[in-house]
Number of protein chains: 2
Amino acid sequence: MTIDLLFVNISKHILLTEVEKKYFHSKLHFRKLKKKEVYIQENQISGSVAFVLSGCLRSYTIDDNGFEHILQFAPPDWWITDMFSFISQKPGTIYIDAIEVSEIILLSRADQLDIFEKIPSFERYFRILTENSLVSYRKRVMDGLSLTAVERYHDFCKRYPTLIECLPQKQIASYIGVTPEFLSKIRSKVKIV
Amino acid sequence: MTIDLLFVNISKHILLTEVEKKYFHSKLHFRKLKKKEVYIQENQISGSVAFVLSGCLRSYTIDDNGFEHILQFAPPDWWITDMFSFISQKPGTIYIDAIEVSEIILLSRADQLDIFEKIPSFERYFRILTENSLVSYRKRVMDGLSLTAVERYHDFCKRYPTLIECLPQKQIASYIGVTPEFLSKIRSKVKIV
DNA sequence: TAATTTTCTTAATCTAGGTTAAGTAGTTTA
DNA sequence: TAAACTACTTAACCTAGATTAAGAAAATTA
């Protein structure tokens with residue numbers, strides 16, 4: 001996958017001149033991650049936000065009992081970072097690693113802020129991304145408050161059919177907020193009925 | 001309360017000229033809400049976002065069983081709307097009403113977009129608000145996945161000490177995702193131990 | 001290929017939190 | 001002020017989902 005994926009994504013929201021594209025491009029860094037390789041760790045300051053070109057990343061916390069809770073999956077064409085740490089430049093609370101071999105493009109917070117100054121339409125681009133992301137977290141909060149585990153699982157299957165294919169089941173369980181054992185039970189019941 | 005509250009809030013994030021302030025001001029609308037008066041309803045398109053000058057609003061959904069689930073409280077100095085509907089201009093899924101007599105300032109989506117064109121620093125202002133809001137929804141998702149009801153209640157008390165004072169207990173229960181009966185149980189246990 | 005690790009399944013048992021119900025206290029409204 | 005809601009409490013009972021444990025299947029690694 002090439003960096004074109006990112007420029008196509010951007011062009012859905014804002015228009016850039018060739019000069020602006022080049023300037024933005026000059027601030028980007030490319031990185032490959034092996035399977036399970038960590039991109040961001042707890043207590044670390046997230047210096048950058050990552051755009052996924054290929055593979056898949058995930059963000060998660062580890063609670064006091066050592067259990068992982070998955071916040072987000074980032075397949076190609078998605079941005080991911082520890083937003084709290086990225087915007088505050090304080091030590092973060094989440095881990096981000098690669099579920100499979102992945103290629104990502106990095107933009108540092110300093111460079112992002114610099115770009116906001118030089119190319120104001122980027123402020124719009126990230127404002128729109130943040131709005132959309134806000135809405136999807138909001139939905140997640142509502143679903144947690146009002147749906148059962150079975151309903152959350154079906155909703156996940158409907159919304160992310162491609163992720164269902166490639167993710168280990170225990171990670172889906174962690175995302176929807178149940179134990180792997182219970183998800184297994186849910187799935188076996190569905191088959192019979 | 002006067003509209004100054006809003007301009008002080010804005011000045012924490014961006015600098016405006018007098019002309020810009022006046023232009024922005026000219027797009028705002030003032031509204032008073034009685035206790036329980038509805039500002040936005042399900043299936044309605046949220047034409048505007050509201051800044052609270054006095055009183056307190058809340059946003060919530062009503063699920064298939066008729067239960068309310070509170071998404072957000074908006075005391076003075078906060079913005080509130082159905083973000084999904086506001087950005088997409090499609091029919092929304094939530095209700096927003098006044099918990100007590102309230103004064104709010106409204107900005108329509110059309111005017112907001114117009115202001116983004118004319119005064120790009122407003123794009124920054126709302127980008128920053130959206131980033132912060134995203135982080136707090138993200139925390140809410142994490143808390144829902146990793147904390148017990150007791151922990152979520154204590155966290156709420158710590159984070160929103162002023163809201164604890166003025167909100168009916170059943171609304172706090174609805175926000176943290178438990179029944180009023182169970183919250184009552186939690187509170188009585190805390191007293192004894 | 002075998003050995004090891006990780007994932008998934010099944011089943012018994014347990015518990016956090018829900019449900020139902022009934023009583024009390026506080027607040028609106030007539 | 002009384003009547004009618006609405007909010008809060010308590011307690012018995014119930015259930016969705018967790019925990020524990022053990023085996024089977026799949027994927028890594030040597």
# chains A, B, ... in the order shown; residues from 1 in each chain; ligands from 1

call {"tool": "interface_residues", "arguments": {"of": "chain D", "to": "chain B", "cutoff": "9 Å", "atoms": "only C-alpha atoms (C1' of nucleotides)", "output": "VMD selection string"}}
result
chain D and resid 7 to 10

call {"tool": "write_last_selection", "arguments": {"atoms": "N, CA and C atoms (P, O5', C5', C4', C3', O3' and C1' of nucleotides)", "output": "tab-separated table (two decimals), in the first residue's frame"}}
result
chain	number	residue	atom	x	y	z
D	7	DA	P	-38.43	12.22	39.65
D	7	DA	O5'	-38.08	11.99	41.18
D	7	DA	C5'	-37.59	13.07	41.97
D	7	DA	C4'	-37.11	12.54	43.29
D	7	DA	C3'	-35.95	11.55	43.17
D	7	DA	O3'	-34.95	11.97	44.10
D	7	DA	C1'	-37.70	10.59	44.43
D	8	DC	P	-33.54	11.19	44.18
D	8	DC	O5'	-33.79	10.16	45.36
D	8	DC	C5'	-33.92	10.64	46.68
D	8	DC	C4'	-34.27	9.48	47.58
D	8	DC	C3'	-33.27	8.32	47.55
D	8	DC	O3'	-32.57	8.32	48.80
D	8	DC	C1'	-35.52	7.59	47.65
D	9	DT	P	-31.58	7.10	49.20
D	9	DT	O5'	-32.58	6.04	49.83
D	9	DT	C5'	-33.23	6.34	51.05
D	9	DT	C4'	-33.94	5.09	51.54
D	9	DT	C3'	-33.04	3.86	51.69
D	9	DT	O3'	-33.08	3.46	53.05
D	9	DT	C1'	-35.04	3.32	50.54
D	10	DT	P	-32.04	2.40	53.63
D	10	DT	O5'	-32.83	1.04	53.60
D	10	DT	C5'	-34.17	0.99	54.09
D	10	DT	C4'	-34.80	-0.34	53.74
D	10	DT	C3'	-33.85	-1.55	53.75
D	10	DT	O3'	-34.36	-2.47	54.68
D	10	DT	C1'	-35.17	-1.52	51.77

call {"tool": "select_by_dssp", "arguments": {"residues": "chain B", "states": "strand (DSSP E)", "output": "VMD selection string"}}
result
chain B and resid 29 to 33 38 to 40 48 to 62 68 to 74 79 to 80 95 to 108

call {"tool": "closest_atom_pairs", "arguments": {"of": "chain C", "to": "chain A", "cutoff": "12 Å", "atoms": "only C-alpha atoms (C1' of nucleotides)", "output": "Markdown table"}}
result
| residue | atom | partner | partner_atom | distance |
| --- | --- | --- | --- | --- |
| C:DT6 | C1' | A:Pro168 | CA | 10.3 |
| C:DT7 | C1' | A:Pro168 | CA | 7.6 |
| C:DC8 | C1' | A:Ser184 | CA | 7.4 |
| C:DT9 | C1' | A:Ser184 | CA | 6.9 |
| C:DT10 | C1' | A:Lys185 | CA | 8.5 |
| C:DA11 | C1' | A:Lys185 | CA | 10.7 |

call {"tool": "write_last_selection", "arguments": {"atoms": "N, CA and C atoms (P, O5', C5', C4', C3', O3' and C1' of nucleotides)", "output": "PDB file, in the first residue's frame"}}
result
ATOM      1  P    DT C   6       1.746 -17.616  24.466  1.00  0.00           P
ATOM      2  O5'  DT C   6       0.418 -17.727  23.579  1.00  0.00           O
ATOM      3  C5'  DT C   6       0.490 -17.524  22.163  1.00  0.00           C
ATOM      4  C4'  DT C   6      -0.866 -17.837  21.581  1.00  0.00           C
ATOM      5  C3'  DT C   6      -2.022 -17.151  22.308  1.00  0.00           C
ATOM      6  O3'  DT C   6      -2.729 -16.414  21.338  1.00  0.00           O
ATOM      7  C1'  DT C   6      -2.471 -19.449  21.990  1.00  0.00           C
ATOM      8  P    DT C   7      -4.100 -15.635  21.619  1.00  0.00           P
ATOM      9  O5'  DT C   7      -5.170 -16.713  21.154  1.00  0.00           O
ATOM     10  C5'  DT C   7      -5.282 -17.063  19.768  1.00  0.00           C
ATOM     11  C4'  DT C   7      -6.411 -18.061  19.635  1.00  0.00           C
ATOM     12  C3'  DT C   7      -7.760 -17.532  20.135  1.00  0.00           C
ATOM     13  O3'  DT C   7      -8.650 -17.639  19.026  1.00  0.00           O
ATOM     14  C1'  DT C   7      -7.317 -19.699  20.993  1.00  0.00           C
ATOM     15  P    DC C   8     -10.172 -17.114  19.131  1.00  0.00           P
ATOM     16  O5'  DC C   8     -10.924 -18.441  19.573  1.00  0.00           O
ATOM     17  C5'  DC C   8     -10.972 -19.557  18.666  1.00  0.00           C
ATOM     18  C4'  DC C   8     -11.667 -20.692  19.375  1.00  0.00           C
ATOM     19  C3'  DC C   8     -13.038 -20.341  19.959  1.00  0.00           C
ATOM     20  O3'  DC C   8     -14.000 -21.091  19.228  1.00  0.00           O
ATOM     21  C1'  DC C   8     -11.732 -21.664  21.441  1.00  0.00           C
ATOM     22  P    DT C   9     -15.542 -21.093  19.641  1.00  0.00           P
ATOM     23  O5'  DT C   9     -15.613 -22.294  20.669  1.00  0.00           O
ATOM     24  C5'  DT C   9     -15.357 -23.614  20.219  1.00  0.00           C
ATOM     25  C4'  DT C   9     -15.613 -24.576  21.364  1.00  0.00           C
ATOM     26  C3'  DT C   9     -16.994 -24.452  22.004  1.00  0.00           C
ATOM     27  O3'  DT C   9     -17.646 -25.705  21.837  1.00  0.00           O
ATOM     28  C1'  DT C   9     -15.278 -24.553  23.649  1.00  0.00           C
ATOM     29  P    DT C  10     -19.190 -25.873  22.094  1.00  0.00           P
ATOM     30  O5'  DT C  10     -19.254 -26.488  23.559  1.00  0.00           O
ATOM     31  C5'  DT C  10     -18.393 -27.571  23.889  1.00  0.00           C
ATOM     32  C4'  DT C  10     -18.464 -27.827  25.372  1.00  0.00           C
ATOM     33  C3'  DT C  10     -19.827 -27.568  26.027  1.00  0.00           C
ATOM     34  O3'  DT C  10     -20.223 -28.768  26.653  1.00  0.00           O
ATOM     35  C1'  DT C  10     -18.086 -26.542  27.267  1.00  0.00           C
ATOM     36  P    DA C  11     -21.663 -28.967  27.298  1.00  0.00           P
ATOM     37  O5'  DA C  11     -21.344 -28.870  28.854  1.00  0.00           O
ATOM     38  C5'  DA C  11     -20.170 -29.500  29.408  1.00  0.00           C
ATOM     39  C4'  DA C  11     -20.056 -29.081  30.859  1.00  0.00           C
ATOM     40  C3'  DA C  11     -21.388 -28.656  31.491  1.00  0.00           C
ATOM     41  O3'  DA C  11     -21.408 -29.114  32.827  1.00  0.00           O
ATOM     42  C1'  DA C  11     -19.857 -26.937  31.720  1.00  0.00           C
TER      43       DA C  11
END

call {"tool": "residues_around", "arguments": {"residues": "Trp78 in chain B", "least_positions_apart": "3", "cutoff": "9 Å", "atoms": "only C-alpha atoms (C1' of nucleotides)", "output": "MDAnalysis selection string"}}
result
chainID B and resid 50:53 73:75

call {"tool": "write_last_selection", "arguments": {"atoms": "C-alpha atoms", "output": "PDB file, in the first residue's frame"}}
result
ATOM      1  CA  ALA B  50     -26.279  25.214  22.660  1.00  0.00           C
ATOM      2  CA  PHE B  51     -23.938  26.939  25.105  1.00  0.00           C
ATOM      3  CA  VAL B  52     -25.292  26.946  28.673  1.00  0.00           C
ATOM      4  CA  LEU B  53     -25.241  30.298  30.492  1.00  0.00           C
ATOM      5  CA  PHE B  73     -24.956  16.809  31.740  1.00  0.00           C
ATOM      6  CA  ALA B  74     -24.333  20.382  30.643  1.00  0.00           C
ATOM      7  CA  PRO B  75     -23.932  22.851  33.513  1.00  0.00           C
TER       8      PRO B  75
END

call {"tool": "residues_around", "arguments": {"residues": "Ser26 in chain A", "least_positions_apart": "3", "cutoff": "12 Å", "atoms": "only C-alpha atoms (C1' of nucleotides)", "output": "number ranges by chain"}}
result
A: 19-23, 29-30, 105-108, 111-112, 115

call {"tool": "write_last_selection", "arguments": {"atoms": "C-alpha atoms", "output": "PDB file, in the first residue's frame"}}
result
ATOM      1  CA  VAL A  19       2.538  22.894  -2.640  1.00  0.00           C
ATOM      2  CA  GLU A  20       0.460  22.157   0.440  1.00  0.00           C
ATOM      3  CA  LYS A  21       0.521  18.430  -0.320  1.00  0.00           C
ATOM      4  CA  LYS A  22       4.289  18.515  -0.594  1.00  0.00           C
ATOM      5  CA  TYR A  23       4.672  20.433   2.622  1.00  0.00           C
ATOM      6  CA  HIS A  29       7.306   9.459   8.663  1.00  0.00           C
ATOM      7  CA  PHE A  30       6.859   5.901   7.524  1.00  0.00           C
ATOM      8  CA  ILE A 105       2.435   6.833   8.578  1.00  0.00           C
ATOM      9  CA  LEU A 106       3.279   9.039  11.533  1.00  0.00           C
ATOM     10  CA  LEU A 107       2.595  12.722  12.102  1.00  0.00           C
ATOM     11  CA  SER A 108       3.984  14.317  15.255  1.00  0.00           C
ATOM     12  CA  ASP A 111       4.232  19.001  13.070  1.00  0.00           C
ATOM     13  CA  GLN A 112       0.451  18.787  13.184  1.00  0.00           C
ATOM     14  CA  ILE A 115       0.563  22.438   9.716  1.00  0.00           C
TER      15      ILE A 115
END

call {"tool": "select_by_dssp", "arguments": {"residues": "range 62-91 of chain A", "states": "helix (DSSP H, G or I)", "output": "MDAnalysis selection string"}}
result
chainID A and resid 83:88

call {"tool": "closest_atom_pairs", "arguments": {"of": "chain B", "to": "chain A", "cutoff": "7 Å", "atoms": "only C-alpha atoms", "output": "tab-separated table"}}
result
residue	atom	partner	partner_atom	distance
B:Asp63	CA	A:Ser146	CA	6.5
B:His69	CA	A:Leu145	CA	6.6
B:Met83	CA	A:Val135	CA	6.5
B:Phe84	CA	A:Val135	CA	5.7
B:Glu123	CA	A:Arg124	CA	6.4
B:Arg124	CA	A:Glu123	CA	6.4
B:Arg127	CA	A:Arg127	CA	4.7
B:Thr130	CA	A:Glu131	CA	6.2
B:Glu131	CA	A:Thr130	CA	6.2
B:Leu134	CA	A:Leu134	CA	4.8
B:Val135	CA	A:Phe84	CA	5.7
B:Tyr137	CA	A:Tyr137	CA	6.0
B:Arg138	CA	A:Tyr137	CA	6.3
B:Arg140	CA	A:Val141	CA	6.8
B:Val141	CA	A:Val141	CA	5.6
B:Leu145	CA	A:Gly177	CA	5.6
B:Ser146	CA	A:Asp63	CA	6.5
B:Gly177	CA	A:Leu145	CA	5.6

call {"tool": "write_last_selection", "arguments": {"atoms": "C-alpha atoms", "output": "CSV table (one decimal), in the first residue's frame"}}
result
chain,number,residue,atom,x,y,z
B,63,ASP,CA,-34.4,2.5,24.9
B,69,HIS,CA,-29.9,6.5,29.6
B,83,MET,CA,-23.5,15.8,17.8
B,84,PHE,CA,-24.5,13.0,15.3
B,123,GLU,CA,-12.4,26.0,13.3
B,124,ARG,CA,-9.6,25.7,15.9
B,127,ARG,CA,-11.6,21.4,17.0
B,130,THR,CA,-14.3,18.3,20.1
B,131,GLU,CA,-10.9,16.8,20.9
B,134,LEU,CA,-13.7,12.9,22.5
B,135,VAL,CA,-11.3,12.2,25.3
B,137,TYR,CA,-16.3,9.9,26.0
B,138,ARG,CA,-13.3,7.7,25.5
B,140,ARG,CA,-16.4,6.8,29.7
B,141,VAL,CA,-16.1,3.8,27.4
B,145,LEU,CA,-15.4,-1.7,30.4
B,146,SER,CA,-13.1,-1.9,33.3
B,177,GLY,CA,-25.4,2.9,34.1

call {"tool": "residues_around", "arguments": {"residues": "range 16-23 of chain C", "least_positions_apart": "5", "cutoff": "8 Å", "atoms": "only C-alpha atoms (C1' of nucleotides)", "output": "PDB file with C-alpha atoms (C1' of nucleotides), in the first residue's frame"}}
result
ATOM      1  CA  VAL B 178     -27.114   1.304  37.149  1.00  0.00           C
ATOM      2  CA  THR B 179     -30.692   1.247  38.461  1.00  0.00           C
ATOM      3  CA  PHE B 182     -28.762  -0.292  43.125  1.00  0.00           C
TER       4      PHE B 182
ATOM      5  C1'  DC D  14     -33.773 -13.436  39.972  1.00  0.00           C
ATOM      6  C1'  DT D  15     -30.505 -13.466  35.859  1.00  0.00           C
TER       7       DT D  15
END

call {"tool": "atom_distance", "arguments": {"atom1": "CA of Arg109 in chain A", "atom2": "CA of His13 in chain B"}}
result
17.1 Å

call {"tool": "atom_distance", "arguments": {"atom1": "CA of Glu37 in chain A", "atom2": "CA of Ala173 in chain A"}}
result
21.4 Å

call {"tool": "residues_around", "arguments": {"residues": "DT29 in chain D", "least_positions_apart": "6", "cutoff": "10 Å", "atoms": "only C-alpha atoms (C1' of nucleotides)", "output": "list in words"}}
result
DA3, DT4 and DT5 of chain C

call {"tool": "write_last_selection", "arguments": {"atoms": "N, CA and C atoms (P, O5', C5', C4', C3', O3' and C1' of nucleotides)", "output": "PDB file, in the first residue's frame"}}
result
ATOM      1  P    DA C   3       7.455 -34.151  20.597  1.00  0.00           P
ATOM      2  O5'  DA C   3       7.554 -32.570  20.773  1.00  0.00           O
ATOM      3  C5'  DA C   3       8.820 -31.915  20.675  1.00  0.00           C
ATOM      4  C4'  DA C   3       8.680 -30.504  21.231  1.00  0.00           C
ATOM      5  C3'  DA C   3       7.921 -30.424  22.561  1.00  0.00           C
ATOM      6  O3'  DA C   3       8.556 -29.444  23.363  1.00  0.00           O
ATOM      7  C1'  DA C   3       6.755 -29.178  20.900  1.00  0.00           C
ATOM      8  P    DT C   4       7.890 -28.917  24.736  1.00  0.00           P
ATOM      9  O5'  DT C   4       7.150 -27.583  24.254  1.00  0.00           O
ATOM     10  C5'  DT C   4       7.916 -26.588  23.521  1.00  0.00           C
ATOM     11  C4'  DT C   4       7.045 -25.359  23.342  1.00  0.00           C
ATOM     12  C3'  DT C   4       6.214 -24.963  24.559  1.00  0.00           C
ATOM     13  O3'  DT C   4       6.467 -23.595  24.816  1.00  0.00           O
ATOM     14  C1'  DT C   4       4.840 -25.112  22.626  1.00  0.00           C
ATOM     15  P    DT C   5       5.829 -22.764  26.013  1.00  0.00           P
ATOM     16  O5'  DT C   5       4.743 -21.900  25.234  1.00  0.00           O
ATOM     17  C5'  DT C   5       5.144 -21.203  24.032  1.00  0.00           C
ATOM     18  C4'  DT C   5       3.910 -20.682  23.361  1.00  0.00           C
ATOM     19  C3'  DT C   5       2.925 -19.995  24.310  1.00  0.00           C
ATOM     20  O3'  DT C   5       2.678 -18.710  23.778  1.00  0.00           O
ATOM     21  C1'  DT C   5       1.799 -21.536  22.916  1.00  0.00           C
TER      22       DT C   5
END
